[in-house]
Amino acid sequence: MPEPNEAACAMARAFVEALRKEAASPDPSWCLDEAELDALALGRREASLMPRLAADVVAAAVMLGRAFAPAGPPAADDGFPVLLVRVSSPDWVEPMRCVVGPCLLGLGWRVRDGEGGRGAWNDRSRREVVVFARDGASREHRPDRGNETVGAAVVAGVPLIGVASDPARTLPRDFLRAVDREVLVAPLDAEVLSLVIEAVTGEVPPLAALGDCVAVRAAADLRLGIRPGRGASEALERLGRSRLRERQRTANAPRLEDSLGLGAARDWGLGLVADLRSWHEGIIPFAACESAALVSGPPGTGKTRFAAALARSANLPLHPGSLAQWQGSRDGHLGHTLGAMRQFFEEARRSPCVVLIDELDSFGDRNTFSEHHRDYSSQVVNALLEHLDGAVGREGVVVVGTTNHPSRIDPAILRSGRLERHFRIELPGLDALTGMLVQYLGTDADDLDLAPVVPLLRGMTGADVEALVRRARGSARRAGRTLTVDDILAGSSDGTPALGDGLRMRCAVHEAGHAVALLASGASGPVTLTIAPTGGLTEHALVDAYGALTEGDFERSLVMILSGRAAEEVLLGDVSAGAVSDLAEATRCAAAMEASWGFSADFPLLSLAPAQDIDLARMPWLMRPVLERLRLAYERACDLMRTERLALERIAEALFRTAYLDDAAIRALFSGKAASPRRRAGPGRGAHRTHDI
C-alpha cells in the first residue's frame with residue numbers, strides 16, 4: 001500500500017486528470033483558454049490541443065484529492081451521501097464549486113446550482129448533483145434560504161454537496177441537519193503548490209525554491225501568478241512578488257529584537273516568535289502558541305509599532321484594521337460596516353499574518369451603551385466577538401489589539417480564548433529613549449555627541465523621538481549641511497522657546513519639592529527629575545499596586561503630589577498656575593478615597609463608583625470632605641518643605657543648573673553628601689521677590 005503522502009498525491013493527480021477530461025467538454029466556465037485571448041489581442045487565432053486549466057481550480061482539485069485520500073471519495077450511485085466540503089477561507093468556495101462535480105462524480109453529471117430553487121427530478125436518467133456553494137458575499141447566503149431545495153433533493157435521492165468556509169452561517173439549515181459526511185479541506189501547503197505549478201505549467205518546481213510562496217494562499221493570487229505555458233520559475237517569481245507586497249507594510253519597522261521601551265509586551269512577542277518558528281518546523285501545534293493579546297498605553301508609546309515589529313520578526317505580513325476603517329468603507333450603515341469587518345477577517349484567515357485591531361476601545365462596552373444607539377453598537381460588538389472566535393487560534397493568525405483606554409473595552413473581548421493577555425506599554429525610560437534616538441539617527445549617531453540632548457528626552461514617547469529626528473534632519477537638509485547636535489536641540493523644543501531663568505528656577509523648585517517629599521517618605525523606587533522647554537517632570541516608579549495601599553499610603557501620596565506647589569510657596573513666596581495638573585490629580589485621589597476606596601469617615605463601607613468615574617460636579621456633598629483632605633495634605637507638605645528646606649535648595653539649584661538629575665544624584669543631594677554651588681535665580685513668572693537657592 002502506498003504511503004499516505006503518495007496516496008494523497010495519487011488522488012490529487014487523478015482529480016486533476018478528471019478536470020482535464022471535463023475541460024474537453026463544451027465550454028466549462030472555470031477553464032482558461034489563453035490561446036483565444038491571445039488571438040483576440042493579436043488579431044489571430046491559435047488552436048490548443050490541451051485545455052488550459054486555471055491555477056486556483058487546479059489547486060482546489062489537488063486539495064480536495066488530498067482531503068479524500070485516506071478513505072477515498074464516495075461512490076457515484078444512489079448511496080451518494082449528503083456531503084459537506086469545508087474550505088479554509090471564502091475565496092476558495094468558487095474554485096471548489098467548479099471541481100466537486102467532475103472530481104467526485106465524474107463525467108456526465110450535470111451540476112445544478114442550489115440557489116436556482118426547487119426543481120423536478122422525475123427523470124432519473126438525467127444525472128444531476130445539487131451544489132450549494134456559499135461564501136457569505138450575498139444576502140441570500142443564510143441558513144433560512146434554500147431549505148426547500150434541500151428537502152426536494154433528499155426525497156428525490158439527488159446527490160447534495162455543500163461548499164463553505166463557515167457552514168453554520170451560510171449554508172441552508174436543513175442541509176446541515178442532513179449531512180452524512182463532512183470533509184475538511186486543509187489550506188494550501190508546499191506539496192499542493194508544487195503539484196499545481198506542475199499541472200499548470202508542465203514543469204516541476206523544486207520544493208526548496210517555494211520558500212515564502214507557500215504563504216500566498218489566496219485563490220486569486222494563484223490564478224494570476226501561475227499561468228499556463230509560462231514556466232515554473234516565472235510562477236515562483238510572480239508569487240514571490242505578491243508575498244513581498246504584503247510585507248511592505250513592515251519593511252521600515254524595526255525588528256522586535258531591536259525595539260526598545262516595550263516592556264513585557266516585547267518579552268511576550270519574542271516568546272511568540274520562537275513558538276511560531278517551532279510551529280512552522282512542525283515541533284509544536286499552533287494551539288500551543290499564545291497568539292492573541294491586548295496592548296495598551298498612552299498615545300505615542302509604540303503600540304502600533306509593536307505589532308509591526310512583531311510581524312517583521314515573525315516573518316508575517318501585517319493586516320491592520322479598525323472600526324473607523326470599516327465604518328468609513330462606505331456610509332457607516334450597519335450592514336456595510338459589518339460587511340467590511342467580515343471581509344477584513346476573511347482576508348486575514350486566508351494565510352498566516354499578524355492582525356492588528358487598532359483603537360479597540362472605539363467598539364465600547366455593551367454595559368454602558370445609551371438607548372439611542374444600543375442596537376447598532378451591540379451588533380457591532382457581537383460581530384467582532386464572532387470574528388475573534390474565528391480568528392484567534394486560526395493556524396498562523398496572530399491577533400493584536402491596541403487601545404489607550406482598556407477600561408472602556410467590553411469584557412467579553414478580553415475573556416479567555418480571545419484577547420486574554422494584556423500588556424501595558426508605559427512611557428519609556430531615559431535609557432530606552434536614548435537607544436531610540438541612536439536607532440533613528442542611524443550612522444549619524446556615530447559622529448554626534450548626544451550628551452546635551454539626552455536630558456531633553458525625558459517624558460517623550462518613541463513617536464516623539466522619531467519626530468525629533470525628522471525635524472532635525474529637515475533643518476539640516478534645508479540648510480544644505482550635515483546633521484549637527486544643534487539641529488537636534490532646536491528640534492527638541494518643537495518651536496517652544498527656551499525657559500527664562502526665572503521660570504526655569506520655578507520649575508526646578510517645583511520638581512525638587514516632589515523629590516523631597518518622596519525621599520522623606522522613604523520611597524524605594526528610582527526618582528528622576530527633568531526640566532525641558534515645555535516644563536518640569538518628576539518620575540517615580542510605584543512599587544505597590546493600588547489594591548495593596550492603605551489610607552496612610554494615599555495620604556502620603558497626596559502630600560507628595562502637593563509638595564511641588566508647597567515648595568514654590570515656601571521658597572518663592574507665592575505659587576503658579578503650573579501646579580494645575582497636580583491639583584487635578586490630588587483631587588481625583590482624595591475623591592476616590594472618600595467615594596470609592598472605603599476611606600470615608602462617614603461612609604467607610606460604601607463604594608459609590610469606580611475611581612475614574614467619580615464626578616464631584618454630580619456629587620457636591622463630596623466637596624467638603626475632599627477639600628478637608630487636600631487642606632490637611634497641603635499643610636503637611638508645607639511643613640515638610642520648611643523642615644527640609646536645605647535639601648530642597650540643594651536639589652532645586654542642581655536641577656536648575658543641569659536640567660536632569662538621576663536617582664543617585666537626588667539621594668546624595670537630599671542627604672547632604674553632594675555639594676552644590678550657590679547661584680542666584682532671576683525672578684519667576686508672577687513672583688514678587690527673588691530668593692537665594
# chains A, B, ... in the order shown; residues from 1 in each chain; ligands from 1

$ select_by_dssp --residues "range 244-422 of chain A" --states "strand (DSSP E)" --output "list in words"
Ala292, Ala293, Leu294, Val295, Ser296, Leu318, His319, Pro320, Gly321, Ser322, Cys353, Val354, Val355, Leu356, Ile357, Asp358, Val397, Val398, Val399, Val400, Gly401, Thr402, Thr403, Arg421 and His422 of chain A

$ write_last_selection --atoms "C-alpha atoms" --output "CSV table (one decimal), in the first residue's frame"
chain,number,residue,atom,x,y,z
A,292,ALA,CA,-3.6,37.0,20.9
A,293,ALA,CA,-3.0,39.9,23.2
A,294,LEU,CA,-4.2,43.4,24.0
A,295,VAL,CA,-1.6,46.2,24.2
A,296,SER,CA,-2.5,49.4,26.0
A,318,LEU,CA,0.7,42.9,8.9
A,319,HIS,CA,-3.0,43.1,8.4
A,320,PRO,CA,-4.3,46.3,10.1
A,321,GLY,CA,-7.9,47.3,10.7
A,322,SER,CA,-10.1,49.4,12.9
A,353,CYS,CA,-0.4,37.0,9.4
A,354,VAL,CA,-0.5,39.5,12.3
A,355,VAL,CA,-3.9,41.0,12.6
A,356,LEU,CA,-3.9,44.5,14.2
A,357,ILE,CA,-7.2,45.9,15.5
A,358,ASP,CA,-6.3,49.5,16.4
A,397,VAL,CA,-3.0,34.0,12.6
A,398,VAL,CA,-1.8,36.3,15.4
A,399,VAL,CA,-4.3,38.9,16.8
A,400,VAL,CA,-3.1,42.1,18.5
A,401,GLY,CA,-5.5,44.8,19.8
A,402,THR,CA,-4.4,48.2,20.8
A,403,THR,CA,-6.0,50.9,23.0
A,421,ARG,CA,-3.3,38.6,27.6
A,422,HIS,CA,-2.9,42.3,28.4

$ select_by_dssp --residues "range 442-681 of chain A" --states "alpha helix (DSSP H)" --output "MDAnalysis selection string"
chainID A and resid 462:479 485:492 501:520 551:572 580:595 623:643 645:658 663:671

$ closest_residue --among "A:Phe80, A:Trp597, A:Phe286, A:Phe175" --to "Pro159 in chain A" --atoms "only C-alpha atoms"
A:Phe80

$ closest_residue --among "A:Val154, A:Leu388, A:Val381, A:Ala577" --to "Asp410 in chain A" --atoms "only C-alpha atoms"
A:Val381

$ residues_around --residues "Gly462 in chain A" --least-positions-apart "3" --cutoff "12 Å" --atoms "only C-alpha atoms" --output "NGL selection string"
:A and (259-262 or 298-306 or 425-440 or 457-459 or 465-469)

$ residues_around --residues "Leu105 in chain A" --least-positions-apart "4" --cutoff "12 Å" --atoms "only C-alpha atoms" --output "count of residues only"
25

$ atom_distance --atom1 "CA of Ile283 in chain A" --atom2 "CA of Ser351 in chain A"
19.6 Å

$ residues_around --residues "range 325-327 of chain A" --least-positions-apart "2" --cutoff "9 Å" --atoms "only C-alpha atoms" --output "PyMOL selection string"
chain A and resi 321-323+329-334+336-341+344

$ residues_around --residues "Leu537 in chain A" --least-positions-apart "5" --cutoff "12 Å" --atoms "only C-alpha atoms" --output "CSV table (one decimal) with C-alpha atoms, in the first residue's frame"
chain,number,residue,atom,x,y,z
A,455,PRO,CA,18.2,65.1,29.3
A,456,LEU,CA,15.7,66.7,27.0
A,457,LEU,CA,14.3,63.3,26.0
A,458,ARG,CA,12.8,62.9,29.5
A,459,GLY,CA,9.0,62.5,29.2
A,460,MET,CA,9.0,61.8,25.5
A,507,CYS,CA,10.2,74.6,37.6
A,508,ALA,CA,13.3,73.4,39.5
A,509,VAL,CA,11.9,74.3,42.8
A,510,HIS,CA,8.5,72.7,42.0
A,511,GLU,CA,10.1,69.4,40.9
A,512,ALA,CA,12.6,69.5,43.8
A,513,GLY,CA,9.6,69.7,46.2
A,514,HIS,CA,8.2,66.4,44.7
A,515,ALA,CA,11.6,64.7,45.1
A,527,VAL,CA,13.3,59.1,41.3
A,528,THR,CA,14.3,61.3,38.4
A,529,LEU,CA,13.8,65.0,37.7
A,530,THR,CA,13.9,66.8,34.4
A,531,ILE,CA,13.5,70.3,33.1
A,532,ALA,CA,12.5,70.6,29.4
A,564,GLY,CA,5.6,71.0,44.3
A,578,GLY,CA,1.8,75.3,36.7
A,579,ALA,CA,0.5,73.1,39.5
A,581,SER,CA,-2.2,69.0,36.9
A,582,ASP,CA,-1.0,68.3,40.4
A,655,LEU,CA,18.3,70.7,38.8
A,659,ALA,CA,18.2,70.2,33.8
A,660,TYR,CA,18.3,66.5,34.8
A,661,LEU,CA,19.0,64.6,38.0

$ atom_distance --atom1 "CA of Arg366 in chain A" --atom2 "CA of Ser378 in chain A"
5.9 Å

$ atom_distance --atom1 "CA of His280 in chain A" --atom2 "CA of Pro317 in chain A"
15.2 Å

$ residues_around --residues "range 86-90 of chain A" --least-positions-apart "5" --cutoff "6 Å" --atoms "only C-alpha atoms" --output "PDB file with N, CA and C atoms, in the first residue's frame"
ATOM      1  N   ASP A 135     -20.156  31.667  -0.090  1.00  0.00           N
ATOM      2  CA  ASP A 135     -19.007  32.329   0.538  1.00  0.00           C
ATOM      3  C   ASP A 135     -19.414  33.468   1.459  1.00  0.00           C
ATOM      4  N   VAL A 163     -20.550  23.575  -0.124  1.00  0.00           N
ATOM      5  CA  VAL A 163     -19.176  24.081  -0.040  1.00  0.00           C
ATOM      6  C   VAL A 163     -19.219  25.424   0.683  1.00  0.00           C
ATOM      7  N   ALA A 164     -18.471  25.549   1.769  1.00  0.00           N
ATOM      8  CA  ALA A 164     -18.465  26.790   2.539  1.00  0.00           C
ATOM      9  C   ALA A 164     -17.271  26.786   3.476  1.00  0.00           C
ATOM     10  N   SER A 165     -16.891  27.995   3.897  1.00  0.00           N
ATOM     11  CA  SER A 165     -15.865  28.106   4.935  1.00  0.00           C
ATOM     12  C   SER A 165     -16.499  28.268   6.302  1.00  0.00           C
ATOM     13  N   LEU A 184     -12.960  18.123   5.616  1.00  0.00           N
ATOM     14  CA  LEU A 184     -12.234  19.364   5.877  1.00  0.00           C
ATOM     15  C   LEU A 184     -11.059  19.460   4.911  1.00  0.00           C
ATOM     16  N   VAL A 185     -11.075  20.503   4.087  1.00  0.00           N
ATOM     17  CA  VAL A 185     -10.015  20.718   3.102  1.00  0.00           C
ATOM     18  C   VAL A 185      -8.931  21.585   3.738  1.00  0.00           C
ATOM     19  N   PRO A 187      -5.562  23.915   4.225  1.00  0.00           N
ATOM     20  CA  PRO A 187      -5.019  25.013   3.397  1.00  0.00           C
ATOM     21  C   PRO A 187      -3.886  24.535   2.505  1.00  0.00           C
ATOM     22  N   ARG A 350      -7.020  33.852   5.473  1.00  0.00           N
ATOM     23  CA  ARG A 350      -6.547  33.119   4.302  1.00  0.00           C
ATOM     24  C   ARG A 350      -5.142  32.562   4.500  1.00  0.00           C
TER      25      ARG A 350
END
